[in-house]
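File shown here: entry_39.txt, holding compact mmCIF, C-alpha atoms.
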# COMPACT_ATOMS: atom_id res chain seq x y z
CA MET P 1 2.77 -46.93 -30.47
CA SER P 2 -0.15 -45.29 -28.78
CA VAL P 3 0.30 -43.30 -25.61
CA GLU P 4 -2.11 -43.54 -22.75
CA MET P 5 -4.13 -40.37 -22.20
CA THR P 6 -6.57 -39.85 -19.35
CA LYS P 7 -9.58 -37.59 -19.58
CA GLY P 8 -9.99 -34.93 -16.94
CA LYS P 9 -10.46 -31.21 -16.50
CA ALA P 10 -8.04 -28.30 -16.60
CA VAL P 11 -9.26 -25.70 -14.11
CA HIS P 12 -7.91 -22.19 -14.75
CA ILE P 13 -8.21 -19.73 -11.92
CA VAL P 14 -7.15 -16.07 -12.15
CA VAL P 15 -6.90 -14.31 -8.78
CA ASN P 16 -5.27 -11.23 -7.35
CA ALA P 17 -1.87 -12.02 -5.85
CA THR P 18 -3.24 -11.09 -2.41
CA PHE P 19 -5.54 -14.13 -2.67
CA GLU P 20 -2.75 -16.51 -3.66
CA ARG P 21 -2.13 -18.01 -0.24
CA GLN P 22 -5.84 -18.57 0.39
CA LEU P 23 -6.27 -20.24 -2.99
CA ILE P 24 -3.36 -22.60 -2.35
CA LYS P 25 -5.03 -23.47 0.96
CA LEU P 26 -8.30 -24.24 -0.86
CA LEU P 27 -6.52 -26.39 -3.44
CA LYS P 28 -4.78 -28.34 -0.71
CA GLN P 29 -8.09 -28.82 1.08
CA ALA P 30 -9.44 -30.24 -2.18
CA GLU P 31 -6.45 -32.58 -2.12
CA VAL P 32 -5.16 -31.75 -5.57
CA THR P 33 -1.81 -33.38 -6.20
CA GLY P 34 -0.29 -30.34 -7.84
CA TYR P 35 -0.86 -27.04 -9.59
CA THR P 36 0.98 -24.68 -11.92
CA GLN P 37 1.05 -21.00 -11.18
CA LEU P 38 2.05 -18.10 -13.41
CA ASP P 39 2.23 -14.36 -12.87
CA ALA P 40 -0.46 -12.79 -15.00
CA ARG P 41 -1.26 -9.31 -16.23
CA GLY P 42 -4.48 -8.14 -17.77
CA PHE P 43 -7.58 -6.03 -17.59
CA GLY P 44 -11.02 -6.70 -16.18
CA TYR P 45 -13.68 -5.32 -13.90
CA SER P 46 -11.03 -4.62 -11.23
CA GLY P 47 -9.21 -2.37 -13.68
CA GLU P 48 -5.78 -2.90 -15.13
CA GLN P 49 -3.59 -5.45 -13.37
CA ASP P 50 -0.13 -4.45 -14.53
CA GLY P 51 2.00 -6.05 -11.84
CA HIS P 52 3.22 -2.69 -10.55
CA SER P 53 2.40 -3.45 -6.94
CA GLU P 54 1.20 -6.47 -5.01
CA GLY P 55 -2.42 -5.32 -5.09
CA GLU P 56 -2.25 -4.92 -8.87
CA THR P 57 -0.76 -8.29 -9.70
CA ASN P 58 -2.73 -11.29 -10.86
CA VAL P 59 -1.80 -14.93 -10.66
CA LEU P 60 -3.05 -17.69 -12.96
CA PHE P 61 -3.40 -21.17 -11.51
CA ILE P 62 -3.85 -24.24 -13.68
CA VAL P 63 -4.95 -27.45 -12.00
CA LEU P 64 -5.48 -30.81 -13.70
CA VAL P 65 -8.12 -32.83 -11.89
CA THR P 66 -11.07 -35.16 -12.28
CA THR P 67 -14.46 -33.66 -13.17
CA GLU P 68 -15.74 -34.21 -9.62
CA LYS P 69 -12.75 -32.52 -8.07
CA ALA P 70 -13.02 -29.65 -10.56
CA GLN P 71 -16.61 -29.09 -9.42
CA GLN P 72 -15.48 -29.20 -5.81
CA ILE P 73 -12.85 -26.53 -6.46
CA GLU P 74 -15.33 -24.28 -8.27
CA GLU P 75 -17.82 -24.66 -5.42
CA SER P 76 -15.22 -23.64 -2.88
CA LEU P 77 -14.64 -20.41 -4.82
CA VAL P 78 -18.28 -19.31 -4.94
CA SER P 79 -18.48 -17.89 -1.42
CA TYR P 80 -15.34 -15.82 -2.03
CA ILE P 81 -16.67 -14.48 -5.33
CA ASN P 82 -19.91 -13.53 -3.56
CA ARG P 83 -17.91 -11.59 -0.97
CA GLY P 84 -16.33 -9.50 -3.72
CA TYR P 85 -13.01 -11.21 -4.35
CA PRO P 86 -12.02 -10.78 -7.99
CA ILE P 87 -11.79 -14.41 -9.12
CA VAL P 88 -12.18 -15.66 -12.66
CA SER P 89 -12.38 -19.40 -13.07
CA TYR P 90 -13.19 -21.68 -15.96
CA MET P 91 -12.55 -25.29 -16.84
CA THR P 92 -11.82 -27.07 -20.07
CA ASP P 93 -11.58 -30.71 -21.03
CA ALA P 94 -8.09 -32.05 -20.80
CA ASP P 95 -6.51 -35.18 -22.23
CA VAL P 96 -3.60 -35.72 -19.93
CA LEU P 97 -0.59 -37.84 -20.69
CA THR P 98 -0.36 -40.23 -17.78
CA THR P 99 2.86 -42.06 -17.25
CA ASN P 100 3.58 -44.20 -14.22
CA LYS P 101 4.56 -41.12 -12.32
CA TYR P 102 1.31 -39.31 -12.96
CA ARG P 103 -1.05 -42.28 -13.17
CA LYS P 104 -2.12 -42.36 -9.57
CA PRO P 105 -3.03 -38.81 -8.62
CA THR P 106 -6.23 -36.94 -9.16
CA ILE P 107 -6.81 -37.51 -12.88
CA MET A 1 11.32 29.97 0.80
CA GLY A 2 9.19 30.10 -2.34
CA LEU A 3 8.05 27.71 -4.98
CA ASP A 4 11.62 27.67 -6.29
CA SER A 5 12.28 25.09 -3.59
CA LEU A 6 10.15 22.68 -5.58
CA LEU A 7 12.79 22.67 -8.27
CA ILE A 8 14.55 19.76 -6.62
CA PRO A 9 15.54 16.84 -8.85
CA ALA A 10 13.17 14.37 -7.14
CA VAL A 11 10.08 16.51 -7.84
CA LEU A 12 11.28 17.31 -11.36
CA PHE A 13 11.72 13.60 -12.08
CA PHE A 14 8.19 13.04 -10.82
CA ALA A 15 7.03 15.64 -13.36
CA LEU A 16 9.10 13.87 -16.04
CA GLY A 17 7.31 10.60 -15.23
CA VAL A 18 3.93 12.30 -15.61
CA PHE A 19 5.07 13.90 -18.88
CA ALA A 20 6.38 10.57 -20.23
CA LYS A 21 2.97 9.00 -19.68
CA LEU A 22 1.11 11.97 -21.16
CA ILE A 23 3.05 11.73 -24.42
CA ASN A 24 2.59 7.94 -24.45
CA SER A 25 6.29 7.25 -24.17
CA ASP A 26 7.28 3.58 -23.98
CA LEU A 27 9.41 4.36 -20.91
CA LYS A 28 8.94 1.52 -18.46
CA PHE A 29 10.86 0.14 -15.52
CA PRO A 30 11.87 -3.53 -15.60
CA GLU A 31 9.53 -5.71 -13.57
CA GLY A 32 10.31 -5.70 -9.86
CA MET A 33 12.62 -2.69 -10.07
CA THR A 34 10.27 -0.30 -8.26
CA LYS A 35 9.81 -2.83 -5.49
CA GLY A 36 13.60 -3.15 -5.15
CA ILE A 37 14.09 0.62 -5.10
CA GLY A 38 11.31 0.91 -2.50
CA ILE A 39 13.10 -1.54 -0.22
CA TYR A 40 16.37 0.36 -0.67
CA LEU A 41 14.74 3.70 0.24
CA LEU A 42 13.10 2.29 3.37
CA LEU A 43 16.36 0.63 4.40
CA ALA A 44 18.31 3.87 3.94
CA ILE A 45 15.82 6.07 5.78
CA GLY A 46 15.44 3.48 8.55
CA LEU A 47 19.21 3.31 9.03
CA LYS A 48 19.44 7.10 9.09
CA GLY A 49 16.67 7.26 11.69
CA GLY A 50 18.33 4.57 13.80
CA ILE A 51 21.67 6.39 13.80
CA ALA A 52 19.97 9.63 14.85
CA LEU A 53 17.92 7.80 17.46
CA SER A 54 20.97 6.40 19.23
CA GLY A 55 21.59 9.91 20.56
CA ALA A 56 17.94 10.94 20.93
CA ASP A 57 15.83 11.85 23.96
CA PHE A 58 14.11 8.68 25.22
CA GLY A 59 11.11 10.55 26.67
CA LEU A 60 10.42 12.39 23.41
CA ALA A 61 10.81 9.14 21.47
CA ILE A 62 8.09 7.53 23.63
CA SER A 63 5.82 10.59 23.23
CA SER A 64 6.34 10.39 19.46
CA ILE A 65 5.34 6.73 19.47
CA ILE A 66 2.19 7.45 21.50
CA TRP A 67 1.23 10.33 19.20
CA GLY A 68 1.98 8.14 16.20
CA ILE A 69 -0.57 5.60 17.47
CA ILE A 70 -3.13 8.33 18.24
CA LEU A 71 -2.74 9.81 14.75
CA GLY A 72 -2.73 6.33 13.19
CA PHE A 73 -6.22 5.65 14.58
CA GLY A 74 -7.50 9.24 14.70
CA LEU A 75 -6.82 10.27 11.10
CA PRO A 76 -8.70 7.38 9.48
CA LEU A 77 -11.59 8.02 11.87
CA ILE A 78 -11.77 11.64 10.65
CA GLY A 79 -11.45 10.41 7.06
CA TYR A 80 -14.22 7.86 7.53
CA PHE A 81 -16.63 10.49 8.86
CA ILE A 82 -15.80 12.90 6.02
CA LEU A 83 -16.44 10.14 3.46
CA ARG A 84 -19.69 9.04 5.08
CA PHE A 85 -20.92 12.59 5.71
CA ARG A 86 -23.14 12.72 2.62
CA ASN A 87 -23.89 9.01 2.64
CA LYS A 88 -22.72 8.73 -0.98
CA ILE A 89 -19.78 6.44 -0.40
CA SER A 90 -20.45 2.88 0.77
CA LYS A 91 -19.27 1.91 4.24
CA PHE A 92 -16.81 -0.64 2.83
CA ASP A 93 -15.31 1.87 0.40
CA ALA A 94 -15.12 4.49 3.17
CA ALA A 95 -13.38 2.04 5.54
CA ALA A 96 -10.81 0.99 2.93
CA ILE A 97 -10.13 4.55 1.72
CA ALA A 98 -9.87 5.89 5.30
CA ALA A 99 -7.30 3.16 6.07
CA HIS A 100 -5.11 4.44 3.23
CA TYR A 101 -5.25 8.00 4.56
CA GLY A 102 -4.45 7.00 8.13
CA SER A 103 -1.37 5.16 6.97
CA VAL A 104 1.60 6.91 5.39
CA SER A 105 3.41 7.29 2.10
CA ALA A 106 7.15 6.82 2.47
CA ALA A 107 7.80 8.38 -0.96
CA THR A 108 6.02 11.62 0.02
CA PHE A 109 7.95 11.66 3.29
CA LEU A 110 11.28 11.14 1.49
CA THR A 111 10.47 13.89 -1.01
CA ALA A 112 9.78 16.18 1.96
CA VAL A 113 13.13 15.14 3.49
CA ALA A 114 14.82 15.98 0.15
CA PHE A 115 13.02 19.35 0.20
CA LEU A 116 14.33 20.13 3.72
CA GLU A 117 17.87 19.02 2.90
CA VAL A 118 18.06 21.12 -0.27
CA SER A 119 16.66 24.05 1.72
CA GLY A 120 19.17 23.51 4.55
CA VAL A 121 16.46 23.07 7.20
CA THR A 122 17.26 20.71 10.07
CA TYR A 123 14.74 18.19 11.41
CA GLU A 124 14.45 15.69 14.24
CA SER A 125 14.62 11.93 13.68
CA TYR A 126 11.38 11.27 15.61
CA PRO A 127 9.12 11.61 12.55
CA ILE A 128 10.95 8.56 11.13
CA ILE A 129 9.83 6.49 14.14
CA MET A 130 6.35 7.90 13.69
CA MET A 131 6.39 6.80 10.05
CA VAL A 132 6.99 3.22 11.22
CA ILE A 133 4.33 3.42 13.91
CA MET A 134 1.71 5.01 11.64
CA GLU A 135 1.89 2.24 9.02
CA SER A 136 -0.30 -0.27 10.87
CA PRO A 137 -3.06 1.28 13.10
CA ALA A 138 -5.04 2.54 10.09
CA ILE A 139 -5.00 -0.94 8.55
CA ILE A 140 -6.53 -2.32 11.74
CA PHE A 141 -9.06 0.53 11.71
CA GLY A 142 -10.16 -0.34 8.16
CA LEU A 143 -10.44 -4.05 8.94
CA VAL A 144 -12.41 -3.48 12.15
CA ILE A 145 -14.87 -1.09 10.48
CA ALA A 146 -15.38 -3.56 7.60
CA ALA A 147 -15.98 -6.42 10.07
CA MET A 148 -18.52 -4.28 11.94
CA VAL A 149 -20.32 -3.41 8.71
CA ARG A 150 -20.46 -7.10 7.74
CA LYS A 151 -21.95 -7.98 11.12
CA GLN A 152 -24.47 -5.17 10.80
CA MET A 153 -25.48 -6.35 7.32
CA ALA A 154 -25.81 -9.97 8.45
CA ALA A 155 -27.97 -8.88 11.39
CA GLY A 156 -30.22 -6.85 9.09
CA ASP A 157 -30.66 -9.66 6.56
CA ALA A 158 -31.99 -12.91 7.98
CA ASN A 159 -31.04 -14.82 4.82
CA ALA A 160 -27.47 -13.61 4.73
CA ALA A 161 -24.82 -15.98 6.00
CA GLU A 162 -22.52 -14.35 8.50
CA VAL A 163 -19.07 -13.82 7.05
CA LYS A 164 -16.35 -14.46 9.56
CA THR A 165 -13.33 -12.21 9.33
CA GLU A 166 -10.08 -14.15 9.44
CA TRP A 167 -8.21 -11.89 11.81
CA GLY A 168 -5.03 -13.95 12.16
CA PRO A 169 -3.55 -13.54 8.66
CA LEU A 170 -4.86 -9.98 8.36
CA LEU A 171 -3.26 -8.75 11.57
CA LYS A 172 -0.09 -10.62 10.68
CA GLU A 173 -0.01 -8.75 7.38
CA ALA A 174 -0.66 -5.42 9.13
CA PHE A 175 2.31 -5.80 11.46
CA THR A 176 4.71 -7.86 9.39
CA ASN A 177 4.32 -6.32 5.94
CA GLY A 178 7.61 -5.74 4.13
CA SER A 179 7.74 -1.97 4.69
CA VAL A 180 7.35 -2.29 8.46
CA VAL A 181 9.94 -5.08 8.74
CA VAL A 182 12.57 -3.24 6.66
CA LEU A 183 11.99 0.09 8.42
CA ILE A 184 12.04 -1.27 11.97
CA GLY A 185 14.89 -3.64 11.18
CA ALA A 186 17.04 -0.91 9.63
CA MET A 187 16.30 1.43 12.54
CA ILE A 188 17.40 -1.16 15.07
CA ILE A 189 20.55 -1.88 13.04
CA GLY A 190 21.28 1.86 12.82
CA THR A 191 20.87 2.19 16.59
CA ILE A 192 23.01 -0.76 17.67
CA ALA A 193 25.71 -0.97 14.98
CA SER A 194 29.07 0.67 15.71
CA PRO A 195 29.51 4.13 14.11
CA GLU A 196 32.79 3.03 12.45
CA ALA A 197 31.07 0.07 10.78
CA LEU A 198 28.12 2.22 9.72
CA GLU A 199 30.43 4.69 8.04
CA LYS A 200 31.40 1.96 5.60
CA VAL A 201 27.82 1.64 4.32
CA MET A 202 27.25 5.41 4.08
CA PRO A 203 28.15 5.58 0.37
CA PHE A 204 25.33 3.12 -0.28
CA THR A 205 22.72 4.44 2.13
CA GLN A 206 23.34 8.19 2.00
CA GLU A 207 25.46 9.38 -0.90
CA ILE A 208 23.40 7.78 -3.66
CA PHE A 209 20.09 8.15 -1.78
CA MET A 210 18.83 11.26 -3.58
CA GLY A 211 19.67 9.80 -6.98
CA VAL A 212 17.75 6.61 -6.24
CA LEU A 213 14.83 8.69 -4.96
CA CYS A 214 14.77 10.41 -8.37
CA LEU A 215 14.41 7.02 -10.07
CA PHE A 216 11.59 6.08 -7.70
CA LEU A 217 9.73 9.32 -8.29
CA LEU A 218 10.13 8.97 -12.04
CA ASP A 219 8.21 5.72 -11.79
CA MET A 220 5.70 7.22 -9.36
CA GLY A 221 5.07 10.03 -11.84
CA MET A 222 4.23 7.49 -14.53
CA GLU A 223 1.95 5.57 -12.15
CA ALA A 224 0.19 8.73 -10.95
CA ALA A 225 -0.49 9.79 -14.56
CA LYS A 226 -1.82 6.33 -15.32
CA LYS A 227 -4.17 6.47 -12.35
CA ALA A 228 -5.38 9.92 -13.39
CA HIS A 229 -7.13 8.23 -16.33
CA THR A 230 -9.48 6.54 -13.87
CA LEU A 231 -10.47 9.77 -12.09
CA LYS A 232 -13.79 9.90 -13.92
CA SER A 233 -14.95 6.66 -12.35
CA ALA A 234 -14.09 7.97 -8.88
CA GLY A 235 -16.52 10.90 -9.05
CA VAL A 236 -16.43 14.40 -7.59
CA THR A 237 -16.96 13.39 -3.94
CA LEU A 238 -13.96 11.06 -3.90
CA VAL A 239 -11.72 13.37 -5.92
CA SER A 240 -12.52 16.22 -3.49
CA PHE A 241 -11.72 13.93 -0.58
CA GLY A 242 -8.30 13.24 -2.12
CA ILE A 243 -7.49 16.94 -1.68
CA ILE A 244 -9.49 17.82 1.46
CA MET A 245 -8.16 14.93 3.57
CA PRO A 246 -4.44 15.80 3.15
CA LEU A 247 -5.25 19.39 4.10
CA VAL A 248 -7.04 18.20 7.25
CA GLY A 249 -4.35 15.64 8.09
CA GLY A 250 -1.50 18.06 7.41
CA THR A 251 -3.05 20.69 9.68
CA VAL A 252 -3.49 18.14 12.48
CA GLY A 253 0.13 17.04 11.99
CA ILE A 254 1.43 20.61 12.29
CA ILE A 255 -0.54 21.22 15.51
CA VAL A 256 0.60 17.94 17.07
CA GLY A 257 4.21 18.46 15.92
CA ILE A 258 4.57 21.99 17.29
CA SER A 259 2.16 22.12 20.24
CA ALA A 260 2.15 18.56 21.58
CA LEU A 261 5.63 17.32 20.72
CA GLY A 262 7.58 20.59 20.60
CA PHE A 263 9.32 19.74 17.31
CA SER A 264 11.27 22.27 15.28
CA VAL A 265 9.72 23.58 12.05
CA GLY A 266 11.51 20.84 10.08
CA GLY A 267 10.27 18.03 12.36
CA ALA A 268 6.68 19.34 12.56
CA PHE A 269 6.64 19.79 8.78
CA LEU A 270 7.64 16.14 8.33
CA LEU A 271 4.87 15.07 10.71
CA ALA A 272 2.43 17.19 8.69
CA ILE A 273 3.53 15.38 5.54
CA LEU A 274 3.11 12.00 7.23
CA SER A 275 -0.38 12.95 8.40
CA ALA A 276 -1.31 14.34 4.98
CA SER A 277 -0.06 11.40 2.96
CA ALA A 278 -1.90 8.27 1.91
CA SER A 279 -0.37 4.83 1.57
CA TYR A 280 -0.26 3.13 -1.82
CA ILE A 281 2.20 0.32 -1.18
CA ALA A 282 1.52 -1.31 2.20
CA VAL A 283 -2.23 -0.78 2.61
CA PRO A 284 -3.74 -1.67 -0.82
CA PRO A 285 -2.84 -5.39 -0.71
CA VAL A 286 -4.21 -5.75 2.83
CA MET A 287 -7.46 -3.97 1.95
CA ARG A 288 -7.73 -5.94 -1.25
CA TYR A 289 -7.67 -9.17 0.70
CA GLY A 290 -9.29 -7.98 3.93
CA VAL A 291 -12.04 -5.77 2.49
CA PRO A 292 -12.85 -7.31 -0.91
CA GLU A 293 -16.24 -5.56 -0.88
CA ALA A 294 -14.51 -2.21 -1.43
CA ASN A 295 -13.69 -1.00 -4.93
CA SER A 296 -9.90 -1.19 -5.20
CA SER A 297 -9.69 1.25 -8.09
CA TYR A 298 -11.10 3.98 -5.81
CA TYR A 299 -8.42 3.84 -3.16
CA LEU A 300 -5.54 3.39 -5.60
CA THR A 301 -6.74 6.25 -7.79
CA LEU A 302 -7.19 8.52 -4.79
CA SER A 303 -3.92 7.82 -3.01
CA LEU A 304 -1.67 7.60 -6.06
CA GLY A 305 -3.54 9.64 -8.67
CA ILE A 306 -4.64 12.58 -6.54
CA THR A 307 -3.15 12.82 -3.06
CA PHE A 308 0.44 11.87 -3.90
CA PRO A 309 0.83 14.45 -6.72
CA PHE A 310 -1.09 17.01 -4.65
CA ASN A 311 1.27 16.57 -1.71
CA VAL A 312 4.42 16.59 -3.82
CA VAL A 313 3.50 19.69 -5.81
CA VAL A 314 1.22 21.70 -3.49
CA GLY A 315 1.38 20.07 -0.05
CA ILE A 316 5.12 20.28 0.52
CA PRO A 317 5.52 24.05 0.05
CA LEU A 318 2.10 24.74 1.57
CA PHE A 319 2.66 22.71 4.75
CA TYR A 320 6.12 24.17 5.13
CA GLN A 321 4.70 27.70 5.05
CA MET A 322 1.87 26.72 7.40
CA THR A 323 4.31 25.11 9.84
CA THR A 324 6.56 28.19 9.79
CA MET A 325 3.56 30.45 10.45
CA TYR A 326 2.14 28.27 13.23
CA ALA A 327 5.54 27.97 14.93
CA ALA A 328 5.85 31.77 14.92
CA LEU A 329 2.51 32.29 16.73

Go through the file and emit its structure as structure tokens.
Amino acid sequence: MSVEMTKGKAVHIVVNATFERQLIKLLKQAEVTGYTQLDARGFGYSGEQDGHSEGETNVLFIVLVTTEKAQQIEESLVSYINRGYPIVSYMTDADVLTTNKYRKPTI
Amino acid sequence: MGLDSLLIPAVLFFALGVFAKLINSDLKFPEGMTKGIGIYLLLAIGLKGGIALSGADFGLAISSIIWGIILGFGLPLIGYFILRFRNKISKFDAAAIAAHYGSVSAATFLTAVAFLEVSGVTYESYPIIMMVIMESPAIIFGLVIAAMVRKQMAAGDANAAEVKTEWGPLLKEAFTNGSVVVLIGAMIIGTIASPEALEKVMPFTQEIFMGVLCLFLLDMGMEAAKKAHTLKSAGVTLVSFGIIMPLVGGTVGIIVGISALGFSVGGAFLLAILSASASYIAVPPVMRYGVPEANSSYYLTLSLGITFPFNVVVGIPLFYQMTTMYAAL
């Protein structure tokens, strides 16, 4: 039995926790149907993000969307990156299992 | 009172934290523990302040609030001009750093309280109100300066798109951040709750307070040592500022405490510590979001890696001596 998979994009966005609310707002404006968010630690040009305080905590967002919507999300981040917000974003191809429940949304 | 007074458990645990990091110990607090301890400490000190306030002089309380606001805006202004004096620090960095130095560090304040209690020196409760008041004005100062700089840059560059500052969420954060809510809330509860009922929570808020402060400072010691690794990137100008600014702020605090507010040595000393300290809990997240153009490693390194250890080790005995001498004039 073959399962139905739909091709789309997985957008990964790493932001400082202080940007979390704004990012959720942007994702809602892009009308994504959902996202997954994880606390993240790491190191980059903003120094070590070890989760000790709110300003030193990162959050990783993963959003499954169509290619067009993925572009739209990336575009909405550009102005913030230009202003100096530490945002790392990349997208990968995603084959998403689509059941009845998940058939409709953005994929 | 000599340097022996520094041999209080809280300061020694701070030193232990620094030592643990220096020898690369795997000592680490569970995630979220420091945040929980921080809330406990603010709750306990707020409650203590509220209880003391219920019998305090209303006029002096109002004067303390007014001076708290003046210092809250005045100290970052002084800090900003010191940072910009040689034109080596960018305006955004200067605004964000100055905001940290206008706001306060509750941990430094509590260590100073521990120092006074071990030394048997009495103090007024008004500095606790001032700690609450002084949390927010500096944040507003930093945000306003950054917005002005952005406007200036947009005006000077015809191609640059004007960046609008979203004031609503930023001001909300400045006045409703966790520290402010817990402190004000606990103070109100301490003022209005019945003394009999409050006695029941004393074992939690007072008897174990110093022990919990030791835990907090152990973690702060580790964090300060970790930040010290990034001192090189901060440069001489910023590192010097991390020591000069607390000396300036502490001196202003002593003068205001003794001459303007008529506090005792203990009270004026606490105000000096408030004025000398730099925030590293409430302000960094707001600046990170509100002034993204500023380099966050600068202000965190300065406030936690330089000024906090400086105040705990040098500032506390120094400002106490200075306050005693000024009060005797």

Rows by chain and residue number, chain P within 8 Å of chain A, shortest pair, all atoms listed in the file, as a Markdown table:
| residue | atom | partner | partner_atom | distance |
| --- | --- | --- | --- | --- |
| P:Thr18 | CA | A:Tyr289 | CA | 5.7 |
| P:Phe19 | CA | A:Tyr289 | CA | 6.4 |
| P:Ser46 | CA | A:Ser297 | CA | 6.8 |
| P:Gly47 | CA | A:Ser297 | CA | 6.7 |
| P:Gly51 | CA | A:Glu31 | CA | 7.7 |
| P:His52 | CA | A:Glu31 | CA | 7.6 |
| P:Ser53 | CA | A:Ile281 | CA | 6.9 |
| P:Glu54 | CA | A:Pro285 | CA | 6.0 |
| P:Gly55 | CA | A:Pro285 | CA | 4.4 |
| P:Arg83 | CA | A:Glu293 | CA | 6.3 |
| P:Gly84 | CA | A:Glu293 | CA | 4.9 |
| P:Tyr85 | CA | A:Pro292 | CA | 5.2 |
| P:Pro86 | CA | A:Pro292 | CA | 7.9 |

Exercise for the section: Counting all atoms listed in the file, note down every residue that has an atom within 10 Å of the point (15.8, 7.8, -12.7) (file coordinates), as a list of chain:residue names. Expected result: A:Pro9, A:Ala10, A:Phe13, A:Phe14, A:Leu16, A:Gly17, A:Phe29, A:Gly211, A:Val212, A:Leu213, A:Cys214, A:Leu215, A:Phe216, A:Leu217, A:Leu218, A:Asp219

Selection to disk with C-alpha atoms, as a compact mmCIF listing (two decimals), keeping the file's coordinate frame:
# COMPACT_ATOMS: atom_id res chain seq x y z
CA PRO A 9 15.54 16.84 -8.85
CA ALA A 10 13.17 14.37 -7.14
CA PHE A 13 11.72 13.60 -12.08
CA PHE A 14 8.19 13.04 -10.82
CA LEU A 16 9.10 13.87 -16.04
CA GLY A 17 7.31 10.60 -15.23
CA PHE A 29 10.86 0.14 -15.52
CA GLY A 211 19.67 9.80 -6.98
CA VAL A 212 17.75 6.61 -6.24
CA LEU A 213 14.83 8.69 -4.96
CA CYS A 214 14.77 10.41 -8.37
CA LEU A 215 14.41 7.02 -10.07
CA PHE A 216 11.59 6.08 -7.70
CA LEU A 217 9.73 9.32 -8.29
CA LEU A 218 10.13 8.97 -12.04
CA ASP A 219 8.21 5.72 -11.79

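Taking CA of Ala174 (chain A) and CA of Ala106 (chain A) as endpoints, the distance between them is 16.0 Å.
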
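Between CA of Thr33 (chain P) and CA of Glu74 (chain P) the interatomic distance comes to 16.4 Å.
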
Exercise for the section: Quick one: everything within 7 Å of Thr6 (chain P), counting all atoms listed in the file, minus sequence neighbours fewer than 6 positions away in the same chain. Send it as JSON, numbers by chain. Expected result: {"P": [95, 96, 97, 98, 107]}

Practice task
Considering only C-alpha atoms, state which residue in the set P:Val11, P:Met5, P:Ala17, P:Val63 is at the smallest distance from Val32 (chain P).
Solution key: P:Val63

Practice task
Quote the spacing between CA of Lys48 (chain A) and CA of Ile8 (chain A) in Å to one decimal place.
Solution key: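 These two atoms are separated by 20.8 Å.
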
Handout entry: Among listed residues A:Leu53, A:Met131, A:Leu261, A:Val18, nearest Ser179 (chain A) (using only C-alpha atoms)
Key = A:Met131

Exercise for the section: Considering only C-alpha atoms, return as a PyMOL selection string whatever protein or nucleic-acid residues lie within 12 Å of Thr67 (chain P), sequence-local ones (same chain, fewer than 5 positions apart) excluded. Expected result: chain P and resi 6-11+72-74+91-94+106-107

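Contact shell of Phe61 (chain P) at 10 Å (all atoms listed in the file; same-chain neighbours under 3 positions omitted): P:Ala10, P:Val11, P:His12, P:Ile13, P:Val14, P:Val15, P:Glu20, P:Leu23, P:Ile24, P:Tyr35, P:Thr36, P:Gln37, P:Leu38, P:Asp39, P:Ala40, P:Asn58, P:Ser89.
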
Fill in the blank from the handout: Across A:Leu71, A:Val236, A:Leu304, A:Ile184, the smallest distance to Gly250 (chain A), with all atoms listed in the file counted, is shown by A:Leu71

Handout entry: Residue nearest Val118 (chain A) - candidates A:Ser90, A:Gly79, A:Gly38, A:Met210, atoms counted: all atoms listed in the file
Key = A:Met210

Could you give me the centre and size, in Å to one decimal, of an axis-aligned box around all listed atoms of region 45-58 of chain P with 3 Å added on every side, as AutoDock Vina command-line options?
--center_x -5.2 --center_y -6.8 --center_z -10.1 --size_x 22.9 --size_y 14.9 --size_z 16.1

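Using only C-alpha atoms, the contacts of Ala186 (chain A) at a cut-off of 8 Å, with sequence neighbours closer than 2 positions omitted, comprise Leu43, Ala44, Gly46, Leu47, Gly50, Val182, Leu183, Ile184, Ile188, Ile189 and Gly190 of chain A.
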
Could those selected residues go to a file with C-alpha atoms, as a CSV table (one decimal), in the frame of the given file?
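New file selection25.csv:
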chain,number,residue,atom,x,y,z
A,43,LEU,CA,16.4,0.6,4.4
A,44,ALA,CA,18.3,3.9,3.9
A,46,GLY,CA,15.4,3.5,8.6
A,47,LEU,CA,19.2,3.3,9.0
A,50,GLY,CA,18.3,4.6,13.8
A,182,VAL,CA,12.6,-3.2,6.7
A,183,LEU,CA,12.0,0.1,8.4
A,184,ILE,CA,12.0,-1.3,12.0
A,188,ILE,CA,17.4,-1.2,15.1
A,189,ILE,CA,20.6,-1.9,13.0
A,190,GLY,CA,21.3,1.9,12.8

Practice task
Pick out the residues sitting within 8 Å of Ile258 (chain A), and hand them over as an MDAnalysis selection string; count all atoms listed in the file, and ignore anything fewer than 5 positions along from it in its own chain.
Solution key: chainID A and resid 263:265 268 326:327

Export of the given selection (C-alpha atoms) as a CSV table (one decimal), keeping the file's coordinate frame:
chain,number,residue,atom,x,y,z
A,263,PHE,CA,9.3,19.7,17.3
A,264,SER,CA,11.3,22.3,15.3
A,265,VAL,CA,9.7,23.6,12.0
A,268,ALA,CA,6.7,19.3,12.6
A,326,TYR,CA,2.1,28.3,13.2
A,327,ALA,CA,5.5,28.0,14.9

Practice task
Counting all atoms listed in the file, write as a PyMOL selection string all protein and nucleic acid residues lying at most 10 Å from (-10.8, -23.8, 0.2) in the file's frame.
Solution key: chain P and resi 22-30+72-77+79-80
